[in-house]
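Student: For reference, this is model13.tsv, and it has TSV, C-alpha atoms.
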```tsv
chain	number	residue	atom	x	y	z
W	1	MET	CA	16.60	-1.72	-3.71
W	2	THR	CA	13.76	-4.24	-3.23
W	3	ASN	CA	11.40	-2.01	-5.23
W	4	LYS	CA	13.90	-1.95	-8.14
W	5	ILE	CA	14.14	-5.76	-8.12
W	6	PHE	CA	10.33	-6.07	-8.19
W	7	MET	CA	10.16	-3.46	-10.98
W	8	VAL	CA	12.60	-5.48	-13.13
W	9	LEU	CA	10.72	-8.73	-12.35
W	10	ALA	CA	7.32	-7.22	-13.20
W	11	PHE	CA	8.42	-5.45	-16.40
W	12	ALA	CA	10.31	-8.55	-17.57
W	13	GLY	CA	7.81	-11.11	-16.23
W	14	VAL	CA	4.66	-9.85	-17.97
W	15	PRO	CA	6.15	-9.87	-21.53
W	16	LEU	CA	7.86	-13.22	-20.84
W	17	SER	CA	4.54	-14.65	-19.62
W	18	VAL	CA	2.83	-13.53	-22.85
W	19	ILE	CA	5.66	-14.75	-25.14
W	20	GLY	CA	6.04	-18.06	-23.25
W	21	THR	CA	2.30	-18.74	-23.41
W	22	LEU	CA	2.08	-18.01	-27.15
W	23	MET	CA	5.21	-20.06	-27.95
W	24	HIS	CA	4.18	-22.98	-25.70
W	25	TRP	CA	7.30	-23.11	-23.53
W	26	SER	CA	7.73	-25.92	-20.99
W	27	ASN	CA	4.99	-25.81	-18.32
W	28	ILE	CA	7.57	-26.10	-15.52
W	29	LEU	CA	9.47	-23.03	-16.82
W	30	LEU	CA	6.19	-21.15	-17.32
W	31	PHE	CA	5.03	-22.08	-13.78
W	32	ALA	CA	8.20	-20.43	-12.36
W	33	ILE	CA	7.79	-17.33	-14.59
W	34	TYR	CA	4.09	-16.96	-13.71
W	35	CYS	CA	4.71	-17.30	-9.94
W	36	ILE	CA	7.56	-14.75	-9.94
W	37	THR	CA	5.52	-12.34	-12.10
W	38	ILE	CA	2.46	-12.58	-9.81
W	39	ILE	CA	4.64	-11.92	-6.72
W	40	ALA	CA	6.26	-8.89	-8.45
W	41	LEU	CA	2.85	-7.53	-9.50
W	42	ALA	CA	1.53	-8.18	-5.98
W	43	SER	CA	4.32	-5.98	-4.61
W	44	TYR	CA	2.99	-3.11	-6.76
W	45	MET	CA	-0.51	-3.77	-5.46
W	46	GLY	CA	0.94	-3.74	-1.93
W	47	ARG	CA	2.70	-0.39	-2.45
W	48	ALA	CA	-0.41	1.15	-4.01
W	49	THR	CA	-2.63	0.00	-1.13
W	50	GLU	CA	-0.03	1.22	1.39
W	51	SER	CA	-0.18	4.69	-0.23
W	52	LEU	CA	-3.98	4.62	0.03
W	53	ALA	CA	-3.74	3.28	3.61
W	54	ILE	CA	-1.68	6.29	4.75
W	55	VAL	CA	-4.47	8.57	3.51
W	56	ALA	CA	-7.31	6.39	4.85
W	57	GLY	CA	-5.96	5.43	8.32
W	58	PRO	CA	-5.09	2.03	9.85
W	59	ARG	CA	-8.47	0.27	9.85
W	60	ILE	CA	-9.48	1.10	6.29
W	61	GLY	CA	-5.81	0.71	5.30
W	62	GLY	CA	-5.71	-2.80	6.72
W	63	LEU	CA	-9.00	-3.62	4.97
W	64	LEU	CA	-7.65	-2.30	1.64
W	65	ASN	CA	-4.46	-4.34	2.02
W	66	ALA	CA	-6.44	-7.48	2.83
W	67	THR	CA	-8.90	-6.92	-0.04
W	68	PHE	CA	-6.34	-6.35	-2.77
W	69	GLY	CA	-4.07	-9.04	-1.35
W	70	ASN	CA	-7.00	-11.47	-1.59
W	71	ALA	CA	-7.94	-10.21	-5.07
W	72	VAL	CA	-4.99	-12.18	-6.48
W	73	GLU	CA	-6.10	-15.38	-4.75
W	74	LEU	CA	-9.73	-14.83	-5.82
W	75	ILE	CA	-8.65	-14.44	-9.46
W	76	ILE	CA	-6.46	-17.59	-9.37
W	77	SER	CA	-9.30	-19.53	-7.68
W	78	ILE	CA	-11.92	-18.47	-10.25
W	79	PHE	CA	-9.74	-19.78	-13.09
W	80	ALA	CA	-9.05	-22.98	-11.12
W	81	LEU	CA	-12.81	-23.47	-10.64
W	82	LYS	CA	-13.34	-22.89	-14.37
W	83	ALA	CA	-10.78	-25.65	-15.00
W	84	GLY	CA	-12.68	-27.95	-12.59
W	85	LEU	CA	-9.91	-27.99	-9.95
W	86	VAL	CA	-12.27	-27.80	-6.95
W	87	SER	CA	-9.83	-29.57	-4.57
W	88	VAL	CA	-7.07	-27.05	-5.45
W	89	VAL	CA	-9.43	-24.14	-4.67
W	90	LEU	CA	-10.50	-25.60	-1.31
W	91	ALA	CA	-6.85	-26.34	-0.50
W	92	SER	CA	-5.81	-22.78	-1.42
W	93	LEU	CA	-8.52	-21.39	0.90
W	94	THR	CA	-7.11	-23.60	3.66
W	95	GLY	CA	-3.60	-22.40	2.80
W	96	SER	CA	-4.73	-18.77	3.01
W	97	VAL	CA	-6.18	-19.25	6.49
W	98	LEU	CA	-3.03	-21.05	7.70
W	99	GLY	CA	-0.74	-18.66	5.82
W	100	ASN	CA	-2.34	-15.52	7.25
W	101	LEU	CA	-2.79	-16.71	10.85
W	102	LEU	CA	0.48	-18.63	11.23
W	103	LEU	CA	2.97	-17.50	8.54
W	104	VAL	CA	2.08	-13.81	8.09
W	105	ALA	CA	1.17	-13.13	11.73
W	106	GLY	CA	4.11	-15.29	12.87
W	107	LEU	CA	6.65	-13.45	10.70
W	108	SER	CA	5.14	-10.06	11.66
W	109	PHE	CA	5.32	-10.84	15.40
W	110	PHE	CA	8.82	-12.29	15.03
W	111	VAL	CA	10.33	-9.51	12.87
W	112	GLY	CA	8.67	-6.76	14.95
W	113	GLY	CA	9.59	-8.55	18.19
W	114	VAL	CA	13.28	-8.76	17.28
W	115	LYS	CA	13.36	-4.97	16.84
W	116	PHE	CA	11.02	-4.05	19.73
W	117	LYS	CA	10.83	-5.99	23.00
W	118	THR	CA	7.02	-6.01	23.09
W	119	GLN	CA	4.49	-4.59	20.65
W	120	THR	CA	0.87	-3.71	21.33
W	121	PHE	CA	-2.23	-3.54	19.17
W	122	ASN	CA	-5.90	-2.73	19.76
W	123	VAL	CA	-7.11	-5.32	22.29
W	124	TYR	CA	-10.79	-4.57	21.51
W	125	ASP	CA	-10.21	-5.29	17.82
W	126	ALA	CA	-8.41	-8.51	18.79
W	127	ARG	CA	-11.38	-9.70	20.88
W	128	HIS	CA	-13.91	-8.69	18.22
W	129	ASN	CA	-11.89	-10.56	15.56
W	130	SER	CA	-11.60	-13.63	17.83
W	131	GLY	CA	-15.38	-14.05	17.86
W	132	LEU	CA	-15.54	-13.66	14.08
W	133	LEU	CA	-12.70	-16.17	13.59
W	134	MET	CA	-14.55	-18.68	15.77
W	135	PHE	CA	-17.67	-18.16	13.67
W	136	GLY	CA	-16.11	-17.78	10.21
W	137	VAL	CA	-13.79	-20.79	10.41
W	138	ILE	CA	-14.95	-23.10	13.20
W	139	VAL	CA	-18.76	-22.75	12.98
W	140	ALA	CA	-19.15	-22.14	9.23
W	141	PHE	CA	-16.58	-24.74	8.11
W	142	VAL	CA	-17.05	-27.51	10.71
W	143	ILE	CA	-20.88	-27.61	10.58
W	144	PRO	CA	-21.07	-28.34	6.81
W	145	GLU	CA	-18.45	-31.10	7.25
W	146	VAL	CA	-20.49	-32.82	9.97
W	147	PHE	CA	-23.90	-32.41	8.29
W	148	ALA	CA	-22.62	-33.35	4.81
W	149	MET	CA	-21.75	-36.84	6.08
W	150	THR	CA	-25.44	-37.81	5.86
W	151	MET	CA	-26.39	-35.66	2.82
W	152	ASP	CA	-26.30	-36.41	-0.88
W	153	GLU	CA	-24.40	-34.13	-3.28
W	154	ALA	CA	-27.39	-31.94	-4.21
W	155	LYS	CA	-28.32	-31.28	-0.56
W	156	THR	CA	-24.66	-30.54	0.31
W	157	ILE	CA	-24.50	-27.89	-2.45
W	158	THR	CA	-27.83	-26.37	-1.29
W	159	PHE	CA	-26.56	-26.28	2.31
W	160	SER	CA	-23.27	-24.70	1.14
W	161	ILE	CA	-25.19	-21.98	-0.76
W	162	GLY	CA	-27.25	-21.16	2.35
W	163	ILE	CA	-24.15	-20.92	4.56
W	164	SER	CA	-22.36	-18.80	1.92
W	165	VAL	CA	-25.18	-16.22	1.82
W	166	ILE	CA	-25.19	-16.00	5.66
W	167	LEU	CA	-21.37	-15.63	5.77
W	168	ILE	CA	-21.37	-12.80	3.23
W	169	ALA	CA	-24.22	-11.01	5.07
W	170	LEU	CA	-22.42	-11.27	8.44
W	171	TYR	CA	-19.09	-10.14	6.90
W	172	LEU	CA	-20.76	-7.01	5.48
W	173	ALA	CA	-22.44	-6.43	8.87
W	174	ALA	CA	-19.02	-6.74	10.58
W	175	LEU	CA	-17.57	-4.08	8.25
W	176	PHE	CA	-20.56	-1.82	8.94
W	177	PHE	CA	-20.03	-2.34	12.69
W	178	LYS	CA	-16.30	-1.48	12.58
W	179	LEU	CA	-16.35	1.33	10.03
W	180	VAL	CA	-19.72	2.99	10.68
W	181	THR	CA	-21.74	2.31	13.86
W	182	HIS	CA	-18.76	1.69	16.21
W	183	ARG	CA	-16.07	3.65	14.42
W	184	GLY	CA	-13.78	5.25	17.00
W	185	VAL	CA	-15.57	3.64	19.99
W	186	TYR	CA	-12.59	1.36	20.67
W	187	GLN	CA	-9.96	3.68	19.27
W	188	HIS	CA	-6.41	2.79	20.25
W	189	ASN	CA	-3.90	5.37	21.44
W	190	GLU	CA	-1.76	4.68	18.40
W	191	GLU	CA	-4.65	5.67	16.12
W	192	LYS	CA	-5.34	8.80	18.20
W	193	GLY	CA	-1.71	9.82	17.88
W	194	SER	CA	-0.36	11.52	14.80
W	195	HIS	CA	2.51	9.26	13.87
W	196	HIS	CA	0.78	7.69	10.88
W	197	GLU	CA	-0.25	11.17	9.65
W	198	GLU	CA	3.37	12.32	9.49
W	199	GLU	CA	4.14	9.71	6.84
W	200	GLU	CA	3.90	10.79	3.22
W	201	PRO	CA	2.28	8.36	0.78
W	202	GLU	CA	4.66	7.05	-1.90
W	203	TRP	CA	2.14	7.71	-4.68
W	204	SER	CA	-0.78	10.11	-5.07
W	205	LYS	CA	-4.31	8.72	-4.72
W	206	GLY	CA	-4.87	8.78	-8.50
W	207	LYS	CA	-1.58	7.04	-9.32
W	208	ALA	CA	-2.13	4.40	-6.60
W	209	ILE	CA	-5.60	3.55	-7.99
W	210	ALA	CA	-4.22	3.40	-11.57
W	211	VAL	CA	-1.35	1.07	-10.51
W	212	LEU	CA	-3.86	-1.16	-8.65
W	213	ALA	CA	-6.10	-1.41	-11.70
W	214	ILE	CA	-3.28	-2.22	-14.16
W	215	ALA	CA	-1.62	-4.73	-11.80
W	216	THR	CA	-4.96	-6.49	-11.15
W	217	VAL	CA	-5.61	-6.92	-14.90
W	218	ALA	CA	-2.07	-8.26	-15.43
W	219	VAL	CA	-2.46	-10.67	-12.49
W	220	ALA	CA	-5.75	-11.95	-13.97
W	221	TYR	CA	-4.03	-12.76	-17.28
W	222	VAL	CA	-1.03	-14.50	-15.66
W	223	SER	CA	-3.24	-16.38	-13.14
W	224	GLU	CA	-5.39	-17.91	-15.87
W	225	ASN	CA	-2.26	-19.36	-17.49
W	226	LEU	CA	-0.75	-20.42	-14.14
W	227	VAL	CA	-3.72	-22.71	-13.43
W	228	HIS	CA	-3.07	-24.71	-16.62
W	229	THR	CA	0.47	-25.63	-15.44
W	230	PHE	CA	-0.59	-27.23	-12.12
W	231	GLU	CA	-1.13	-30.77	-13.38
W	232	GLU	CA	2.24	-31.12	-15.13
W	233	VAL	CA	4.17	-29.38	-12.33
W	234	GLY	CA	2.48	-31.63	-9.73
W	235	GLU	CA	3.53	-34.75	-11.65
W	236	ALA	CA	7.10	-33.49	-12.17
W	237	PHE	CA	7.75	-32.63	-8.50
W	238	GLY	CA	5.50	-35.24	-6.90
W	239	TRP	CA	3.21	-32.55	-5.44
W	240	THR	CA	-0.42	-33.40	-4.76
W	241	GLU	CA	-3.24	-30.98	-5.66
W	242	LEU	CA	-3.65	-30.51	-1.89
W	243	PHE	CA	-0.02	-29.37	-1.43
W	244	ILE	CA	-0.14	-27.11	-4.52
W	245	GLY	CA	-3.28	-25.45	-3.12
W	246	VAL	CA	-2.32	-25.23	0.55
W	247	VAL	CA	1.26	-24.02	0.11
W	248	ILE	CA	2.09	-22.83	-3.45
W	249	VAL	CA	-1.15	-21.08	-4.52
W	250	ALA	CA	-1.71	-19.63	-1.03
W	251	ILE	CA	1.80	-18.13	-0.77
W	252	VAL	CA	1.85	-16.80	-4.37
W	253	GLY	CA	-1.72	-15.51	-4.09
W	254	ASN	CA	-1.13	-13.72	-0.79
W	255	ALA	CA	2.37	-12.36	-1.46
W	256	ALA	CA	1.26	-8.70	-1.36
W	257	GLU	CA	-0.24	-8.79	2.10
W	258	HIS	CA	2.54	-11.05	3.44
W	259	ALA	CA	5.07	-8.33	2.59
W	260	SER	CA	2.84	-5.44	3.76
W	261	ALA	CA	2.14	-6.97	7.19
W	262	ILE	CA	5.82	-7.70	7.89
W	263	ILE	CA	6.86	-4.17	6.84
W	264	MET	CA	4.16	-2.66	9.09
W	265	ALA	CA	5.32	-4.78	12.05
W	266	TYR	CA	8.92	-3.69	11.46
W	267	LYS	CA	7.70	-0.06	11.59
W	268	ASN	CA	5.89	-0.90	14.88
W	269	LYS	CA	2.47	-0.35	13.27
W	270	MET	CA	0.99	-3.50	14.80
W	271	ASP	CA	-2.63	-2.39	14.41
W	272	ILE	CA	-2.25	-2.49	10.62
W	273	ALA	CA	-0.11	-5.68	10.66
W	274	VAL	CA	-2.71	-7.56	12.74
W	275	GLU	CA	-5.58	-6.11	10.70
W	276	ILE	CA	-3.92	-7.43	7.53
W	277	ALA	CA	-3.22	-10.92	8.93
W	278	VAL	CA	-6.49	-11.47	10.80
W	279	GLY	CA	-8.66	-9.25	8.58
W	280	SER	CA	-7.44	-11.15	5.54
W	281	THR	CA	-8.29	-14.50	7.17
W	282	LEU	CA	-11.81	-13.28	7.97
W	283	GLN	CA	-12.21	-12.01	4.43
W	284	ILE	CA	-11.09	-15.37	3.01
W	285	ALA	CA	-13.41	-17.36	5.29
W	286	MET	CA	-16.46	-15.07	5.29
W	287	PHE	CA	-16.31	-13.48	1.82
W	288	VAL	CA	-13.91	-15.11	-0.68
W	289	ALA	CA	-14.87	-18.74	0.13
W	290	PRO	CA	-18.66	-18.12	-0.02
W	291	VAL	CA	-18.31	-15.98	-3.19
W	292	LEU	CA	-16.39	-18.86	-4.83
W	293	VAL	CA	-19.13	-21.32	-3.79
W	294	LEU	CA	-21.74	-19.08	-5.48
W	295	LEU	CA	-19.56	-18.47	-8.57
W	296	SER	CA	-18.91	-22.21	-8.95
W	297	LEU	CA	-22.62	-22.65	-9.78
W	298	MET	CA	-21.83	-21.02	-13.16
W	299	PHE	CA	-19.24	-23.71	-13.97
W	300	PRO	CA	-19.71	-27.45	-14.75
W	301	THR	CA	-18.47	-28.50	-11.28
W	302	ALA	CA	-20.11	-26.80	-8.28
W	303	MET	CA	-17.93	-26.38	-5.17
W	304	PRO	CA	-19.39	-27.43	-1.80
W	305	LEU	CA	-18.10	-25.71	1.34
W	306	VAL	CA	-16.75	-29.06	2.58
W	307	PHE	CA	-13.06	-29.47	3.36
W	308	THR	CA	-11.03	-32.62	3.99
W	309	LEU	CA	-10.43	-33.60	7.62
W	310	PRO	CA	-6.70	-32.59	7.62
W	311	GLU	CA	-7.63	-29.17	6.13
W	312	LEU	CA	-10.37	-28.64	8.69
W	313	ILE	CA	-8.29	-29.66	11.73
W	314	ALA	CA	-5.35	-27.52	10.54
W	315	MET	CA	-7.61	-24.44	10.18
W	316	VAL	CA	-9.36	-24.96	13.53
W	317	THR	CA	-6.08	-25.39	15.45
W	318	SER	CA	-4.52	-22.34	13.77
W	319	VAL	CA	-7.57	-20.22	14.74
W	320	LEU	CA	-7.44	-21.41	18.37
W	321	LEU	CA	-3.66	-20.80	18.58
W	322	MET	CA	-4.04	-17.28	17.14
W	323	ILE	CA	-6.87	-16.44	19.57
W	324	VAL	CA	-4.85	-17.62	22.59
W	325	ILE	CA	-1.74	-15.70	21.48
W	326	GLY	CA	-3.43	-12.52	20.21
W	327	ASN	CA	-6.25	-11.90	22.69
W	328	ASP	CA	-4.13	-9.86	25.14
W	329	GLY	CA	-3.27	-7.17	22.56
W	330	GLU	CA	0.47	-7.71	23.13
W	331	THR	CA	3.06	-9.67	21.20
W	332	ASN	CA	6.77	-10.55	21.12
W	333	TRP	CA	9.24	-12.52	18.97
W	334	PHE	CA	8.67	-15.80	20.82
W	335	GLU	CA	4.93	-15.75	20.08
W	336	GLY	CA	5.85	-15.18	16.44
W	337	ALA	CA	8.22	-18.15	16.52
W	338	THR	CA	5.43	-20.32	18.01
W	339	LEU	CA	3.05	-19.46	15.14
W	340	LEU	CA	5.81	-20.13	12.56
W	341	ALA	CA	6.61	-23.51	14.15
W	342	ALA	CA	2.93	-24.49	13.84
W	343	TYR	CA	2.93	-23.46	10.15
W	344	ILE	CA	6.05	-25.55	9.41
W	345	ILE	CA	4.55	-28.63	11.13
W	346	MET	CA	1.36	-28.32	9.04
W	347	GLY	CA	3.34	-27.64	5.85
W	348	ILE	CA	5.36	-30.84	6.33
W	349	GLY	CA	2.14	-32.76	6.99
W	350	PHE	CA	0.46	-31.53	3.78
W	351	TYR	CA	3.62	-32.27	1.76
W	352	LEU	CA	3.69	-35.88	2.98
W	353	LEU	CA	-0.06	-36.52	2.51
```
In structure tokens, what does this structure look like?
Tutor:
Amino acid sequence: MTNKIFMVLAFAGVPLSVIGTLMHWSNILLFAIYCITIIALASYMGRATESLAIVAGPRIGGLLNATFGNAVELIISIFALKAGLVSVVLASLTGSVLGNLLLVAGLSFFVGGVKFKTQTFNVYDARHNSGLLMFGVIVAFVIPEVFAMTMDEAKTITFSIGISVILIALYLAALFFKLVTHRGVYQHNEEKGSHHEEEEPEWSKGKAIAVLAIATVAVAYVSENLVHTFEEVGEAFGWTELFIGVVIVAIVGNAAEHASAIIMAYKNKMDIAVEIAVGSTLQIAMFVAPVLVLLSLMFPTAMPLVFTLPELIAMVTSVLLMIVIGNDGETNWFEGATLLAAYIIMGIGFYLL
């Protein structure tokens, strides 16, 4: 039923997006059409990556889900950078970190916890990810903020470029560690079992890759037009660029993985659900953010890796809360509710700023 709704929305949304853009419809109407279309297309990307994940196994499956979920956000951010909306891009990166760690993980733990009393996931992965979260968000985002206070703009950009290169290198090293040198060393019982092998992928490998490619191209087209509606929509609803970035762009941009993680938790596949939520956060902090810093050098306005104080404090507290809750490799509905409560508090704060 849900798939049929998304099919209708995608097949109606893409032509409407094209027609509306060419005929210069109201920006507020177009904003709604673009957002719904991106979410519908993201669901196709989610289903395609889920089909590939069944073939590839939970770790690579979680990585695929995170990568293609973040592809949407990366595309939106590139067009926002091109339009000179640096504060929207930084805010959307903040929103992705908060959205993944608090909203996605919170909903996954809550939905899974309502169905199952307790759920477990790979405790070794959780501890490994905790260290990377501490580095990727707290070290790499707080240090530039502190040092930039006494630097001019040129030095801040140079410092941001240096940090970005180090982040990308460490992210690639982390993937090499998990997928090559230490693959299977910390294997969880759930992965050793055969219950994910019994599941048949919805689409064949070829069809899944084709759907991913077509959906990504369509998302790129719609995203470019979405960026041009931000200013008018912000004025109409009284939304700041910060709120649009932290809440709207982050939720629309990450819709695919939001849905995938919750579905996986409902099926009691917590390894994949956690890998999507935490893996996606790491990918945003250690790959997407630094890549955007480097890409911004091609545009008139370069983007430093320097966030506002509310953004920084929100990200740091969400990382610490996730580490405390997730480090034991067990979860329940109340822990999910705690993460969701934190997300709502921060959302209200960013709305009122």
Student: I need the residue nearest Ile33 of chain W from this list: W:Ala255, W:Ser204, W:Gly162, W:Leu226. Use only C-alpha atoms for the distance.
Tutor: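 Smallest distance to Ile33 of chain W is found for W:Leu226.
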Student: Would you mind telling me which residue in W:Ile76, W:Pro304, W:Phe299, W:Ile244 lies nearest to Glu232 of chain W when using all atoms listed in the file?
Tutor: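 Of all the options, W:Ile244 lies closest to Glu232 of chain W.
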Student: So the first atom is atom CA of Ala265 of chain W and the second is atom CA of Gly112 of chain W; what is the distance between them in Å, to one decimal place?
Tutor: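 Calculated distance between atom CA of Ala265 of chain W and atom CA of Gly112 of chain W is 4.9 Å.
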Student: What are the closest atom pairs, with distances in Å to one decimal, for all residues of segment 153-248 of chain W lying within 8 Å of segment 340-352 of chain W? Consider all atoms listed in the file, order rows by chain and residue number, and present the result as JSON lines.
Tutor:
```
{"residue": "W:Trp239", "atom": "CA", "partner": "W:Tyr351", "partner_atom": "CA", "distance": 7.2}
{"residue": "W:Thr240", "atom": "CA", "partner": "W:Tyr351", "partner_atom": "CA", "distance": 7.8}
{"residue": "W:Leu242", "atom": "CA", "partner": "W:Phe350", "partner_atom": "CA", "distance": 7.1}
{"residue": "W:Phe243", "atom": "CA", "partner": "W:Tyr351", "partner_atom": "CA", "distance": 5.6}
{"residue": "W:Val246", "atom": "CA", "partner": "W:Phe350", "partner_atom": "CA", "distance": 7.6}
{"residue": "W:Val247", "atom": "CA", "partner": "W:Gly347", "partner_atom": "CA", "distance": 7.1}
```
Student: Separation of atom CA of Glu335 of chain W and atom CA of Asp271 of chain W, in Å?
Tutor: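 We find that atom CA of Glu335 of chain W and atom CA of Asp271 of chain W lie 16.4 Å from each other.
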Student: Can you tell me, as number ranges by chain, what residues are no more than 8 Å from Leu167 of chain W when counting all atoms listed in the file, ignoring any on the same chain fewer than 2 positions away?
Tutor: W: 136, 140, 163-165, 169-171, 286-287, 290
Student: Which value, in Å to one decimal, gives the distance between atom CA of Leu212 of chain W and atom CA of Thr67 of chain W?
Tutor: 11.5 Å
Student: Neighbours of Val288 of chain W within 9 Å (all atoms listed in the file; same-chain residues fewer than 5 positions away dropped), as a PyMOL selection string?
Tutor: chain W and resi 70-71+73-74+93+168+283+293
Student: Using only C-alpha atoms, which residue out of W:Gly84, W:Gly99, W:Gly20, W:Gly234 lies closest to Met303 of chain W?
Tutor: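 Nearest candidate to Met303 of chain W out of W:Gly84, W:Gly99, W:Gly20, W:Gly234: W:Gly84.
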Student: List as an NGL selection string: which residues have an atom within 9 Å of (8.0, 3.9, -10.8), counting all atoms listed in the file?
Tutor: :W and (3-4 or 7)
Student: Find the residue from W:Val55, W:Thr49, W:Leu132, W:Leu103 that sits nearest to Ala173 of chain W; use all atoms listed in the file when measuring.
Tutor: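 Selected residue with least distance to Ala173 of chain W: W:Leu132.
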Student: I want to know what sits within 10 Å of Pro201 of chain W, based on only C-alpha atoms, with residues of the same chain fewer than 3 positions away left out; could you give that as a PyMOL selection string?
Tutor: chain W and resi 47-55+197-198+204-205+208
Student: With distances taken over only C-alpha atoms, which of W:Glu199, W:Leu64, W:Leu312, W:Asp328 is nearest to Val139 of chain W?
Tutor: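 Between W:Glu199, W:Leu64, W:Leu312, W:Asp328, the residue approaching Val139 of chain W most closely is W:Leu312.
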Student: I'd like the contact shell of Thr94 of chain W - 12 Å cut-off, only C-alpha atoms, skipping same-chain residues fewer than 4 positions apart - returned as a ChimeraX atom specification.
Tutor: /W:73,87-90,98-102,137,141,242-251,281,284-285,288-289,305-319,343,346-347,350
Student: In the coordinates of the file, take the point (3.5, -13.8, -0.4) and a cut-off of 12 Å; then, counting all atoms listed in the file, name each qualifying protein, DNA or RNA residue as an NGL selection string.
Tutor: :W and (35-43 or 45-46 or 69-70 or 72-73 or 95-96 or 99-100 or 103-104 or 107 or 247-262 or 277)
Student: What's around Gly131 of chain W at 12 Å? Count only C-alpha atoms, leave out sequence neighbours fewer than 5 positions away in its own chain, and write the answer as a PyMOL selection string.
Tutor: chain W and resi 124-126+136-139+174+278+282+319-320+322-323+327
Student: Write out N, CA, C and O atoms for segment 159-172 of chain W, as a short mmCIF file (atom, residue, chain, number, x, y, z; two decimals), in the coordinates of the input.
Tutor:
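Output (result_21.cif):
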```cif
data_model
loop_
_atom_site.label_atom_id
_atom_site.label_comp_id
_atom_site.auth_asym_id
_atom_site.auth_seq_id
_atom_site.Cartn_x
_atom_site.Cartn_y
_atom_site.Cartn_z
N PHE W 159 -26.99 -26.69 0.96
CA PHE W 159 -26.56 -26.28 2.31
C PHE W 159 -25.39 -25.29 2.22
O PHE W 159 -25.38 -24.26 2.92
N SER W 160 -24.44 -25.57 1.33
CA SER W 160 -23.27 -24.70 1.14
C SER W 160 -23.69 -23.32 0.65
O SER W 160 -23.13 -22.30 1.07
N ILE W 161 -24.69 -23.27 -0.24
CA ILE W 161 -25.19 -21.98 -0.76
C ILE W 161 -25.81 -21.17 0.38
O ILE W 161 -25.54 -19.97 0.53
N GLY W 162 -26.62 -21.84 1.21
CA GLY W 162 -27.25 -21.16 2.35
C GLY W 162 -26.23 -20.57 3.31
O GLY W 162 -26.32 -19.40 3.70
N ILE W 163 -25.22 -21.38 3.66
CA ILE W 163 -24.15 -20.92 4.56
C ILE W 163 -23.39 -19.76 3.93
O ILE W 163 -23.06 -18.78 4.61
N SER W 164 -23.13 -19.85 2.62
CA SER W 164 -22.36 -18.80 1.92
C SER W 164 -23.08 -17.45 1.98
O SER W 164 -22.45 -16.42 2.23
N VAL W 165 -24.39 -17.47 1.77
CA VAL W 165 -25.18 -16.22 1.82
C VAL W 165 -25.11 -15.62 3.23
O VAL W 165 -24.92 -14.41 3.40
N ILE W 166 -25.25 -16.47 4.26
CA ILE W 166 -25.19 -16.00 5.66
C ILE W 166 -23.80 -15.43 5.98
O ILE W 166 -23.69 -14.36 6.61
N LEU W 167 -22.74 -16.10 5.53
CA LEU W 167 -21.37 -15.63 5.77
C LEU W 167 -21.14 -14.26 5.16
O LEU W 167 -20.59 -13.36 5.81
N ILE W 168 -21.56 -14.09 3.90
CA ILE W 168 -21.37 -12.80 3.23
C ILE W 168 -22.14 -11.70 3.96
O ILE W 168 -21.63 -10.60 4.20
N ALA W 169 -23.38 -12.00 4.36
CA ALA W 169 -24.22 -11.01 5.07
C ALA W 169 -23.56 -10.60 6.39
O ALA W 169 -23.48 -9.41 6.71
N LEU W 170 -23.04 -11.58 7.15
CA LEU W 170 -22.42 -11.27 8.44
C LEU W 170 -21.10 -10.51 8.24
O LEU W 170 -20.77 -9.62 9.02
N TYR W 171 -20.35 -10.86 7.18
CA TYR W 171 -19.09 -10.14 6.90
C TYR W 171 -19.37 -8.67 6.61
O TYR W 171 -18.69 -7.78 7.14
N LEU W 172 -20.39 -8.41 5.79
CA LEU W 172 -20.76 -7.01 5.48
C LEU W 172 -21.24 -6.29 6.74
O LEU W 172 -20.93 -5.12 6.95
#
```
